[in-house]
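my_file.txt (compact mmCIF, C-alpha atoms)
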# COMPACT_ATOMS: atom_id res chain seq x y z
CA MET A 1 -29.71 -19.20 13.85
CA SER A 2 -31.52 -21.01 16.61
CA THR A 3 -30.17 -21.89 19.99
CA ALA A 4 -30.20 -25.54 18.90
CA THR A 5 -27.13 -24.76 16.85
CA HIS A 6 -25.06 -24.62 20.02
CA ARG A 7 -26.14 -27.98 21.43
CA THR A 8 -23.41 -30.61 21.42
CA PRO A 9 -25.00 -34.09 21.66
CA LEU A 10 -22.66 -37.01 22.20
CA THR A 11 -23.25 -38.17 18.62
CA ASP A 12 -22.27 -34.82 17.07
CA TRP A 13 -19.17 -35.04 14.89
CA THR A 14 -17.53 -32.18 16.81
CA VAL A 15 -17.66 -34.41 19.92
CA VAL A 16 -16.89 -37.76 18.31
CA VAL A 17 -13.95 -36.66 16.15
CA PRO A 18 -11.74 -35.21 18.93
CA VAL A 19 -12.31 -38.34 21.04
CA LEU A 20 -11.48 -40.62 18.09
CA ALA A 21 -8.39 -38.54 17.33
CA LEU A 22 -7.25 -38.88 20.95
CA VAL A 23 -7.81 -42.67 20.81
CA ALA A 24 -5.81 -42.80 17.55
CA LEU A 25 -3.02 -40.90 19.31
CA VAL A 26 -2.89 -43.38 22.20
CA LEU A 27 -2.88 -46.40 19.86
CA SER A 28 -0.24 -45.00 17.49
CA TRP A 29 2.16 -43.35 19.93
CA GLY A 30 5.73 -44.63 19.58
CA ARG A 31 4.89 -47.20 16.91
CA ASP A 32 6.03 -47.70 13.34
CA LEU A 33 2.73 -47.41 11.51
CA PRO A 34 1.76 -49.13 8.25
CA ALA A 35 0.35 -47.08 5.39
CA VAL A 36 -3.28 -47.81 6.24
CA ALA A 37 -2.80 -46.75 9.86
CA VAL A 38 -1.04 -43.56 8.78
CA ALA A 39 -3.96 -42.70 6.51
CA LEU A 40 -6.43 -43.21 9.38
CA VAL A 41 -4.34 -41.09 11.76
CA ALA A 42 -4.05 -38.36 9.13
CA LEU A 43 -7.82 -38.41 8.70
CA CYS A 44 -8.26 -38.05 12.46
CA LEU A 45 -5.74 -35.21 12.43
CA ALA A 46 -7.66 -33.28 9.77
CA GLY A 47 -10.94 -33.87 11.61
CA ALA A 48 -9.42 -32.72 14.89
CA VAL A 49 -8.31 -29.46 13.26
CA LEU A 50 -11.83 -28.75 12.00
CA ALA A 51 -13.35 -29.69 15.36
CA ALA A 52 -10.88 -27.48 17.24
CA VAL A 53 -11.79 -24.50 15.10
CA HIS A 54 -15.51 -25.14 15.63
CA HIS A 55 -15.19 -25.32 19.41
CA ALA A 56 -12.97 -22.23 19.48
CA GLU A 57 -15.71 -20.35 17.62
CA VAL A 58 -18.34 -21.48 20.17
CA VAL A 59 -16.14 -20.27 23.03
CA ALA A 60 -15.53 -17.00 21.18
CA LEU A 61 -19.26 -16.36 20.84
CA ARG A 62 -19.70 -16.91 24.59
CA VAL A 63 -16.94 -14.63 25.90
CA GLY A 64 -17.73 -11.85 23.41
CA GLU A 65 -15.56 -9.02 22.15
CA PRO A 66 -12.76 -8.15 22.32
CA PHE A 67 -11.60 -11.37 24.02
CA GLY A 68 -13.69 -13.61 21.80
CA SER A 69 -11.82 -12.37 18.75
CA LEU A 70 -8.61 -13.85 20.13
CA VAL A 71 -9.85 -17.37 20.83
CA LEU A 72 -9.91 -18.82 17.33
CA ALA A 73 -6.75 -16.99 16.26
CA VAL A 74 -4.86 -18.36 19.25
CA ALA A 75 -6.27 -21.87 18.75
CA VAL A 76 -5.38 -21.95 15.06
CA THR A 77 -1.92 -20.55 15.80
CA ILE A 78 -1.36 -23.25 18.43
CA ILE A 79 -2.19 -25.82 15.76
CA GLU A 80 0.15 -24.21 13.24
CA VAL A 81 3.01 -23.79 15.70
CA ALA A 82 2.52 -27.32 17.02
CA LEU A 83 2.77 -28.77 13.54
CA ILE A 84 5.85 -26.69 12.74
CA VAL A 85 7.67 -27.38 16.00
CA THR A 86 6.80 -31.09 15.85
CA LEU A 87 8.38 -31.42 12.43
CA MET A 88 11.36 -29.20 13.30
CA ALA A 89 12.17 -30.95 16.59
CA GLY A 90 13.54 -34.11 15.00
CA GLY A 91 14.24 -32.87 11.50
CA GLY A 92 17.61 -31.22 11.93
CA ASP A 93 18.93 -28.72 9.42
CA LYS A 94 16.58 -29.89 6.66
CA THR A 95 13.63 -28.38 8.57
CA SER A 96 15.36 -25.08 9.35
CA SER A 97 13.21 -23.27 6.78
CA LEU A 98 9.92 -24.98 7.67
CA ALA A 99 8.56 -22.03 9.67
CA ARG A 100 9.28 -19.65 6.80
CA ASP A 101 7.76 -21.98 4.23
CA THR A 102 4.61 -22.50 6.29
CA VAL A 103 4.04 -18.83 7.12
CA PHE A 104 4.66 -17.74 3.52
CA ALA A 105 2.32 -20.45 2.26
CA ALA A 106 -0.35 -19.19 4.68
CA VAL A 107 0.09 -15.63 3.37
CA MET A 108 -0.17 -16.69 -0.27
CA ILE A 109 -3.16 -18.99 0.34
CA SER A 110 -4.96 -16.30 2.35
CA CYS A 111 -4.25 -13.27 0.18
CA ASN A 112 -4.70 -15.05 -3.16
CA GLY A 113 -6.63 -18.26 -2.56
CA ILE A 114 -9.23 -17.19 0.00
CA VAL A 115 -9.55 -13.67 -1.44
CA GLY A 116 -9.66 -14.89 -5.05
CA VAL A 117 -12.25 -17.62 -4.55
CA SER A 118 -14.40 -15.32 -2.39
CA LEU A 119 -14.31 -12.58 -5.03
CA LEU A 120 -15.27 -15.09 -7.71
CA VAL A 121 -18.22 -16.33 -5.64
CA GLY A 122 -19.31 -12.80 -4.76
CA ALA A 123 -19.01 -11.52 -8.32
CA LEU A 124 -20.94 -14.47 -9.70
CA ARG A 125 -23.72 -13.68 -7.24
CA ASN A 126 -23.94 -9.90 -7.74
CA ARG A 127 -21.78 -9.19 -10.83
CA VAL A 128 -19.72 -6.84 -8.62
CA ALA A 129 -18.39 -7.74 -5.16
CA VAL A 130 -18.61 -4.76 -2.79
CA PHE A 131 -16.59 -4.31 0.40
CA ASN A 132 -15.16 -1.62 2.70
CA ALA A 133 -11.89 -0.40 1.25
CA GLU A 134 -10.85 1.34 4.50
CA GLY A 135 -10.91 -1.80 6.63
CA SER A 136 -9.54 -4.14 3.96
CA GLY A 137 -6.82 -1.65 3.05
CA ALA A 138 -5.71 -1.38 6.66
CA ALA A 139 -5.59 -5.16 6.94
CA LEU A 140 -3.60 -5.47 3.72
CA ALA A 141 -1.10 -2.84 4.91
CA THR A 142 -0.63 -4.83 8.12
CA VAL A 143 -0.03 -8.05 6.17
CA ALA A 144 2.51 -6.37 3.90
CA THR A 145 4.41 -4.82 6.83
CA LEU A 146 4.51 -8.05 8.83
CA ALA A 147 5.64 -10.04 5.79
CA ALA A 148 8.41 -7.55 5.01
CA LEU A 149 9.69 -7.43 8.59
CA SER A 150 9.63 -11.18 9.18
CA LEU A 151 10.20 -12.77 5.76
CA VAL A 152 12.01 -10.26 3.56
CA LEU A 153 14.46 -8.42 5.83
CA PRO A 154 16.29 -11.60 6.99
CA THR A 155 17.53 -12.06 3.42
CA PHE A 156 19.29 -8.69 3.50
CA THR A 157 20.57 -8.37 7.07
CA THR A 158 24.31 -8.87 7.55
CA SER A 159 24.67 -9.75 11.26
CA LYS A 160 24.54 -13.46 10.40
CA PRO A 161 25.30 -15.23 7.13
CA GLY A 162 22.38 -16.50 5.11
CA PRO A 163 18.69 -15.59 5.33
CA GLU A 164 18.73 -15.65 9.13
CA PHE A 165 18.14 -13.09 11.89
CA SER A 166 20.54 -12.61 14.76
CA SER A 167 19.10 -13.16 18.24
CA ALA A 168 18.51 -9.43 18.74
CA GLN A 169 16.92 -9.04 15.31
CA LEU A 170 14.66 -12.04 15.86
CA THR A 171 13.56 -10.62 19.20
CA PHE A 172 12.74 -7.28 17.58
CA ALA A 173 10.80 -8.95 14.74
CA ALA A 174 8.83 -11.03 17.24
CA CYS A 175 7.96 -8.03 19.42
CA ALA A 176 7.04 -5.89 16.40
CA SER A 177 4.82 -8.67 15.05
CA LEU A 178 2.99 -8.99 18.37
CA ALA A 179 2.57 -5.21 18.63
CA LEU A 180 1.13 -4.91 15.12
CA TYR A 181 -1.20 -7.83 15.69
CA GLY A 182 -2.45 -6.35 18.96
CA LEU A 183 -2.97 -2.95 17.33
CA PHE A 184 -4.91 -4.51 14.48
CA ILE A 185 -7.15 -6.38 16.94
CA ALA A 186 -7.87 -3.15 18.82
CA VAL A 187 -8.72 -1.26 15.64
CA GLN A 188 -10.89 -4.01 14.18
CA THR A 189 -12.88 -4.87 17.27
CA VAL A 190 -13.08 -1.58 19.19
CA ARG A 191 -11.91 1.71 17.75
CA HIS A 192 -12.90 1.39 14.07
CA ARG A 193 -15.18 -1.63 14.08
CA ASP A 194 -17.41 -0.08 11.40
CA TYR A 195 -14.55 -0.29 8.88
CA PHE A 196 -14.80 -4.08 9.02
CA LEU A 197 -18.56 -4.50 8.71
CA PRO A 198 -20.08 -6.07 5.59
CA VAL A 199 -21.61 -3.55 3.18
CA ASP A 200 -24.51 -3.86 0.76
CA THR A 201 -24.28 -3.38 -3.01
CA ARG A 202 -24.62 0.40 -2.56
CA GLY A 203 -21.49 0.46 -0.43
CA SER A 204 -23.16 1.22 2.93
CA ALA A 205 -23.10 -0.91 6.05
CA SER A 206 -25.97 -3.38 5.97
CA GLY A 207 -28.38 -3.73 8.85
CA PRO A 208 -27.71 -7.43 9.58
CA ALA A 209 -24.01 -6.75 9.23
CA VAL A 210 -24.16 -4.15 11.99
CA ALA A 211 -25.89 -6.68 14.21
CA ALA A 212 -23.15 -9.18 13.39
CA ALA A 213 -20.32 -6.84 14.35
CA ALA A 214 -19.85 -8.57 17.67
CA ARG A 215 -19.15 -11.78 15.77
CA THR A 216 -16.43 -10.37 13.54
CA VAL A 217 -13.23 -12.05 14.68
CA ALA A 218 -9.79 -10.57 13.97
CA GLY A 219 -9.71 -12.11 10.55
CA HIS A 220 -10.76 -15.55 11.73
CA GLY A 221 -14.48 -14.71 11.78
CA GLY A 222 -15.69 -16.69 14.75
CA GLY A 223 -19.35 -15.82 14.27
CA ASP A 224 -19.57 -16.50 10.59
CA GLY A 225 -17.44 -19.55 10.83
CA ALA A 226 -19.64 -21.05 13.48
CA GLY A 227 -22.94 -19.75 12.35
CA GLY A 228 -22.44 -20.00 8.62
CA ALA A 229 -22.50 -23.73 8.62
CA ASP A 230 -26.04 -23.74 9.84
CA GLY A 231 -27.27 -20.69 8.03
CA ASP A 232 -29.77 -20.93 5.23
CA GLY A 233 -27.62 -18.92 2.86
CA ASP A 234 -30.26 -16.31 2.24
CA GLY A 235 -27.77 -13.52 2.43
CA GLU A 236 -29.60 -11.83 5.28
CA GLY A 237 -26.95 -12.59 7.85
CA ASP A 238 -28.14 -14.93 10.58
CA HIS A 239 -28.04 -13.66 14.16
CA ALA A 240 -25.87 -15.86 16.33
CA VAL A 241 -27.30 -16.58 19.77
CA PRO A 242 -24.49 -16.79 22.35
CA PRO A 243 -24.20 -20.33 23.71
CA SER A 244 -24.90 -21.14 27.34
CA PHE A 245 -22.09 -21.27 29.88
CA ARG A 246 -22.37 -25.08 30.01
CA THR A 247 -22.08 -25.39 26.22
CA ALA A 248 -19.09 -23.05 26.13
CA LEU A 249 -17.40 -24.99 28.93
CA ILE A 250 -17.93 -28.29 27.08
CA SER A 251 -16.52 -26.72 23.90
CA LEU A 252 -13.50 -25.45 25.85
CA GLY A 253 -12.79 -28.96 27.10
CA LEU A 254 -13.24 -30.47 23.64
CA LEU A 255 -11.01 -27.73 22.21
CA LEU A 256 -8.21 -28.79 24.55
CA VAL A 257 -8.75 -32.46 23.62
CA ALA A 258 -8.66 -31.60 19.92
CA LEU A 259 -5.45 -29.57 20.27
CA VAL A 260 -3.71 -32.38 22.16
CA ALA A 261 -4.84 -34.81 19.46
CA VAL A 262 -3.58 -32.50 16.70
CA VAL A 263 -0.12 -32.15 18.25
CA GLY A 264 0.23 -35.87 18.99
CA ASN A 265 -1.10 -37.14 15.67
CA ALA A 266 1.07 -34.66 13.78
CA LYS A 267 4.04 -36.21 15.52
CA ALA A 268 2.84 -39.66 14.46
CA VAL A 269 2.38 -38.87 10.77
CA SER A 270 5.22 -36.35 10.32
CA PRO A 271 7.83 -38.97 9.27
CA THR A 272 5.43 -40.28 6.62
CA ILE A 273 4.70 -36.78 5.30
CA GLU A 274 8.38 -35.94 4.98
CA ARG A 275 9.23 -39.33 3.52
CA GLY A 276 6.41 -39.06 0.99
CA VAL A 277 7.55 -35.60 -0.11
CA ALA A 278 11.15 -36.83 -0.43
CA ASP A 279 10.17 -40.00 -2.31
CA ALA A 280 8.14 -37.94 -4.76
CA GLY A 281 11.20 -35.83 -5.46
CA LEU A 282 9.46 -32.65 -4.29
CA PRO A 283 11.19 -29.74 -2.50
CA HIS A 284 10.96 -29.82 1.29
CA ALA A 285 9.01 -26.53 1.13
CA VAL A 286 5.98 -28.57 0.02
CA VAL A 287 5.66 -29.75 3.64
CA GLY A 288 5.00 -26.13 4.65
CA VAL A 289 2.34 -25.85 1.95
CA ILE A 290 0.61 -28.98 3.27
CA ILE A 291 0.57 -27.59 6.82
CA ALA A 292 -0.83 -24.23 5.65
CA LEU A 293 -3.54 -25.89 3.58
CA LEU A 294 -4.56 -28.01 6.55
CA VAL A 295 -4.67 -25.11 9.00
CA LEU A 296 -6.49 -22.71 6.66
CA ALA A 297 -9.15 -25.15 5.43
CA PRO A 298 -11.78 -24.02 7.98
CA GLU A 299 -11.19 -20.32 7.26
CA THR A 300 -11.48 -20.98 3.53
CA LEU A 301 -14.82 -22.72 3.92
CA ALA A 302 -16.14 -19.97 6.18
CA ALA A 303 -15.02 -17.25 3.75
CA VAL A 304 -16.73 -18.91 0.79
CA ARG A 305 -19.93 -19.31 2.82
CA ALA A 306 -19.82 -15.62 3.74
CA ALA A 307 -19.33 -14.63 0.08
CA ARG A 308 -22.33 -16.76 -0.91
CA ARG A 309 -24.37 -14.90 1.70
CA ASP A 310 -23.39 -11.53 0.18
CA ARG A 311 -21.00 -10.65 3.01
CA MET A 312 -17.79 -9.99 1.10
CA GLN A 313 -16.26 -7.89 3.86
CA THR A 314 -16.48 -10.86 6.22
CA SER A 315 -14.65 -12.98 3.63
CA LEU A 316 -11.86 -10.41 3.38
CA ASN A 317 -11.69 -10.16 7.17
CA LEU A 318 -11.17 -13.91 7.28
CA ALA A 319 -8.53 -13.86 4.55
CA TYR A 320 -6.38 -10.95 5.68
CA GLY A 321 -6.92 -11.71 9.36
CA SER A 322 -5.67 -15.26 8.78
CA ALA A 323 -2.51 -13.91 7.17
CA ILE A 324 -2.00 -11.37 9.98
CA ALA A 325 -2.43 -14.01 12.68
CA SER A 326 -0.20 -16.46 10.84
CA ILE A 327 2.70 -14.00 10.89
CA GLY A 328 1.89 -11.94 13.98
CA LEU A 329 1.46 -14.93 16.28
CA THR A 330 3.46 -17.72 14.64
CA ILE A 331 6.75 -15.83 14.25
CA PRO A 332 6.91 -14.83 17.95
CA SER A 333 5.98 -18.38 18.97
CA ILE A 334 8.64 -19.91 16.75
CA ALA A 335 11.17 -17.34 18.00
CA LEU A 336 10.44 -18.46 21.55
CA ALA A 337 10.61 -22.14 20.57
CA SER A 338 13.97 -21.58 18.86
CA VAL A 339 15.53 -21.19 22.32
CA TRP A 340 15.45 -24.97 22.76
CA LEU A 341 15.30 -26.07 19.10
CA SER A 342 18.65 -27.03 17.63
CA GLY A 343 19.81 -25.81 14.26
CA PRO A 344 19.35 -22.50 12.43
CA LEU A 345 16.04 -20.72 11.88
CA LEU A 346 15.92 -19.54 8.28
CA LEU A 347 13.21 -16.90 7.73
CA GLY A 348 14.36 -14.94 4.68
CA LEU A 349 12.62 -15.56 1.37
CA GLY A 350 14.46 -16.28 -1.85
CA ALA A 351 14.23 -14.10 -4.96
CA LEU A 352 11.42 -16.17 -6.51
CA HIS A 353 9.14 -15.91 -3.49
CA MET A 354 9.92 -12.22 -3.01
CA VAL A 355 8.71 -11.58 -6.56
CA LEU A 356 5.49 -13.48 -5.82
CA LEU A 357 5.01 -11.59 -2.54
CA THR A 358 5.58 -8.22 -4.23
CA LEU A 359 3.17 -9.08 -7.03
CA THR A 360 0.59 -10.22 -4.48
CA VAL A 361 0.82 -6.97 -2.50
CA VAL A 362 0.57 -4.80 -5.62
CA VAL A 363 -2.35 -6.72 -7.11
CA SER A 364 -4.12 -6.81 -3.74
CA ALA A 365 -3.79 -3.05 -3.37
CA LEU A 366 -5.27 -2.51 -6.83
CA THR A 367 -8.11 -4.88 -5.91
CA ILE A 368 -8.88 -3.27 -2.53
CA VAL A 369 -8.58 0.47 -3.27
CA PRO A 370 -11.79 0.82 -5.37
CA GLY A 371 -13.91 -1.07 -2.81
CA ARG A 372 -15.46 -3.06 -5.68
CA ALA A 373 -14.21 -6.08 -7.62
CA THR A 374 -15.32 -8.21 -10.56
CA LEU A 375 -14.61 -11.71 -11.77
CA LEU A 376 -11.36 -10.45 -13.29
CA GLN A 377 -9.81 -9.49 -9.96
CA GLY A 378 -10.85 -12.80 -8.44
CA GLY A 379 -9.36 -14.68 -11.38
CA VAL A 380 -6.07 -12.78 -11.12
CA HIS A 381 -5.68 -13.77 -7.46
CA VAL A 382 -6.51 -17.41 -8.18
CA VAL A 383 -3.91 -17.49 -10.97
CA LEU A 384 -1.33 -16.03 -8.57
CA LEU A 385 -2.07 -18.83 -6.10
CA ALA A 386 -1.82 -21.41 -8.88
CA ALA A 387 1.57 -19.97 -9.88
CA TYR A 388 2.79 -20.19 -6.28
CA LEU A 389 1.63 -23.81 -5.88
CA PHE A 390 3.13 -24.83 -9.23
CA LEU A 391 6.46 -23.18 -8.42
CA ALA A 392 6.47 -24.76 -4.95
CA VAL A 393 6.38 -28.16 -6.64
CA SER A 394 8.62 -27.18 -9.56
CA PRO A 395 10.81 -24.23 -8.49

Written as structure tokens, that's how I'd like the structure from this file.
Amino acid sequence: MSTATHRTPLTDWTVVVPVLALVALVLSWGRDLPAVAVALVALCLAGAVLAAVHHAEVVALRVGEPFGSLVLAVAVTIIEVALIVTLMAGGGDKTSSLARDTVFAAVMISCNGIVGVSLLVGALRNRVAVFNAEGSGAALATVATLAALSLVLPTFTTSKPGPEFSSAQLTFAACASLALYGLFIAVQTVRHRDYFLPVDTRGSASGPAVAAAARTVAGHGGGDGAGGADGDGDGEGDHAVPPSFRTALISLGLLLVALVAVVGNAKAVSPTIERGVADAGLPHAVVGVIIALLVLAPETLAAVRAARRDRMQTSLNLAYGSAIASIGLTIPSIALASVWLSGPLLLGLGALHMVLLTLTVVVSALTIVPGRATLLQGGVHVVLLAAYLFLAVSP
């Protein structure tokens, strides 16, 4: 990758889109929008999410590890929490399960959608997709533990009726989630970084992958997300040149603009989203699926690019790291926001979703343990995601 990759001319989409999204926010704030205007605002919202992720990756490359690994995760989590809180603030009891629905959707999309599609792409390229079972196994164990603590246990606790934590239990779950997320970051970026490096088809760490270790981001893959878009796809693993201080500062400012635009535009289109879901006769949980799909779109694209470049471990880092960040950072943030949000906070999964979560964990373990996967494993994960999406629409 050349240094030109980090230039941000005024005509670049990553500069234009956040500004347009902010203008759309100013023009639409407090107004009852027609359908055409809602569609334009939604388009600006989606573009602002992609631009925010891009600028977070640029900043991450500048500050380096281990702090760089936190930038994109925090930015994406701000987007996710902002969308959730915005919809919950004025939604009353009908949005009490929105946080659970969104986080669970993120876990299913990451562990089945991103993993499955990446394995399919990798297996089509090399017949067998090879990755580091030690790092991926540790990440999967973290996902399973976080999901059980935050999404399964509330269904079975008895301090409060329904699938809801008491205040003390919610505080414990939030603190435990933060602790596990911090521990995972430390292991991935410092203590056992080699466990999360891409490997070649013989199962050993590849040379370019070692050079790219500083760009491996706590599951959100800052380096590959930013650099992959401009790579030539030769599978050799492009070397990302850290951006200049000026470029990083500009990206930081544009990141803040994009995040403000995301929060404001989400507020503008949220009534239309909920009304559209209700008019279509769909369960309210579909709103959570829409939010998760929107937030995880950049990670999905980056993971597929990495798989095409024969860097399956990077794809798995993106997938499992996205799930870890979604639970480990979103649940504590929502717990803090619940102090001033009215209404209950339902986190416990129902029987149907617990079956899907259990099946996902078991299948994922069988996929990860050998350190090698074929088209079959990728297809199984994709089918699991399809089952989840179908049952979300038709429970």

Quiz item: What separation in Å, quoted to one decimal, exists between atom CA of A:Ala351 and atom CA of A:Val289?
Solution: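 Taking atom CA of A:Ala351 as the start and atom CA of A:Val289 as the end point, the length is 18.1 Å.
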
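With all atoms listed in the file as the atoms that count, the minimum distance from A:Val59 to the choices A:Val117, A:Leu329, A:Leu256, A:Ala323 is reached by A:Leu256.
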
Quiz prompt | All residues 12 Å or closer to A:Leu391, all atoms listed in the file, same chain fewer than 2 positions away omitted, as a ChimeraX atom specification | solution = /A:105,282-283,285-286,289,352-353,355-356,384-389,393-395

Go ahead and dump the residues you just picked, C-alpha atoms, as a PDB file, in the frame of the given file.
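The file below, result05.pdb, is the result:
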ATOM      1  CA  ALA A 105       2.320 -20.450   2.260  1.00  0.00           C
ATOM      2  CA  LEU A 282       9.460 -32.650  -4.290  1.00  0.00           C
ATOM      3  CA  PRO A 283      11.190 -29.740  -2.500  1.00  0.00           C
ATOM      4  CA  ALA A 285       9.010 -26.530   1.130  1.00  0.00           C
ATOM      5  CA  VAL A 286       5.980 -28.570   0.020  1.00  0.00           C
ATOM      6  CA  VAL A 289       2.340 -25.850   1.950  1.00  0.00           C
ATOM      7  CA  LEU A 352      11.420 -16.170  -6.510  1.00  0.00           C
ATOM      8  CA  HIS A 353       9.140 -15.910  -3.490  1.00  0.00           C
ATOM      9  CA  VAL A 355       8.710 -11.580  -6.560  1.00  0.00           C
ATOM     10  CA  LEU A 356       5.490 -13.480  -5.820  1.00  0.00           C
ATOM     11  CA  LEU A 384      -1.330 -16.030  -8.570  1.00  0.00           C
ATOM     12  CA  LEU A 385      -2.070 -18.830  -6.100  1.00  0.00           C
ATOM     13  CA  ALA A 386      -1.820 -21.410  -8.880  1.00  0.00           C
ATOM     14  CA  ALA A 387       1.570 -19.970  -9.880  1.00  0.00           C
ATOM     15  CA  TYR A 388       2.790 -20.190  -6.280  1.00  0.00           C
ATOM     16  CA  LEU A 389       1.630 -23.810  -5.880  1.00  0.00           C
ATOM     17  CA  VAL A 393       6.380 -28.160  -6.640  1.00  0.00           C
ATOM     18  CA  SER A 394       8.620 -27.180  -9.560  1.00  0.00           C
ATOM     19  CA  PRO A 395      10.810 -24.230  -8.490  1.00  0.00           C
TER      20      PRO A 395
END

Quiz item: Could you work out how far atom CA of A:Thr157 lies from atom CA of A:Ala365, giving the answer in Å with one decimal?
Solution: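 Atom-to-atom, atom CA of A:Ala365 to atom CA of A:Thr157, that is 27.0 Å.
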
Self-check item: Given only C-alpha atoms as the counted atoms, nearest of A:Gly281, A:Gly253, A:Gly182, A:Pro154 to A:Met354
Solution: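 For A:Met354, the nearest of the candidates is A:Pro154.
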
Quiz prompt | Residue nearest A:Ser364 - candidates A:Ala319, A:Leu296, A:Leu197, A:Ala335, atoms counted: all atoms listed in the file | solution =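 Looking only at the distances to A:Ser364, the closest residue turns out to be A:Ala319.
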
Self-check item: Nearest candidate to A:Cys111 (options A:Gly321, A:Gly288, A:Pro242, A:Gly350; using all atoms listed in the file)
Solution: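 Comparing A:Gly321, A:Gly288, A:Pro242, A:Gly350 against A:Cys111, the winner is A:Gly321.
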
Quiz item: Which polymer residues have any atom within 7 Å of an atom of stretch 370-379 of chain A, counting only C-alpha atoms, with same-chain residues fewer than 4 positions away left out, as a list of chain:residue names?
Solution: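 Close residues of stretch 370-379 of chain A: A:Gly116, A:Val117, A:Leu119, A:Leu120, A:Ala123, A:Arg127, A:Val128, A:Ala129, A:Val130, A:Phe131, A:Asn132, A:Ala133, A:Val383.
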
Quiz item: If you count only C-alpha atoms, which residues fall within 12 Å of A:Cys44, apart from same-chain ones fewer than 3 positions away, as a ChimeraX atom specification?
Solution: /A:13-14,16-25,28,37-41,47-52,258-259,261-266,268-269

Practice problem: Give as a count of residues only the set of residues within 12 Å of the point (-16.2, -25.7, 27.1), where distances use the file's coordinates and only C-alpha atoms. | Solution: 31

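Our summary of the geometry notes that atom CA of A:Ser96 is positioned 29.3 Å from atom CA of A:Phe184.
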
Name the residues in contact with A:Leu83 at a cut-off of 9 Å, using all atoms listed in the file, excluding same-chain residues fewer than 2 positions from it; report them as a compact mmCIF listing (two decimals) with C-alpha atoms, in the coordinates of the input.
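Below you can see selection-v3.txt, which holds the result:
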# COMPACT_ATOMS: atom_id res chain seq x y z
CA ILE A 78 -1.36 -23.25 18.43
CA ILE A 79 -2.19 -25.82 15.76
CA GLU A 80 0.15 -24.21 13.24
CA VAL A 81 3.01 -23.79 15.70
CA VAL A 85 7.67 -27.38 16.00
CA THR A 86 6.80 -31.09 15.85
CA LEU A 87 8.38 -31.42 12.43
CA MET A 88 11.36 -29.20 13.30
CA VAL A 262 -3.58 -32.50 16.70
CA VAL A 263 -0.12 -32.15 18.25
CA ALA A 266 1.07 -34.66 13.78
CA LYS A 267 4.04 -36.21 15.52
CA SER A 270 5.22 -36.35 10.32
CA ILE A 291 0.57 -27.59 6.82

Quiz item: Closest to A:Leu318 among A:Ile114, A:Leu336, A:Ala179, A:Leu151, using all atoms listed in the file?
Solution: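 Smallest distance to A:Leu318 is found for A:Ile114.
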
Practice problem: Find the residue from A:Gly348, A:Gly276, A:Gly343, A:Pro332 that sits nearest to A:Thr77; use all atoms listed in the file when measuring. | Solution: A:Pro332
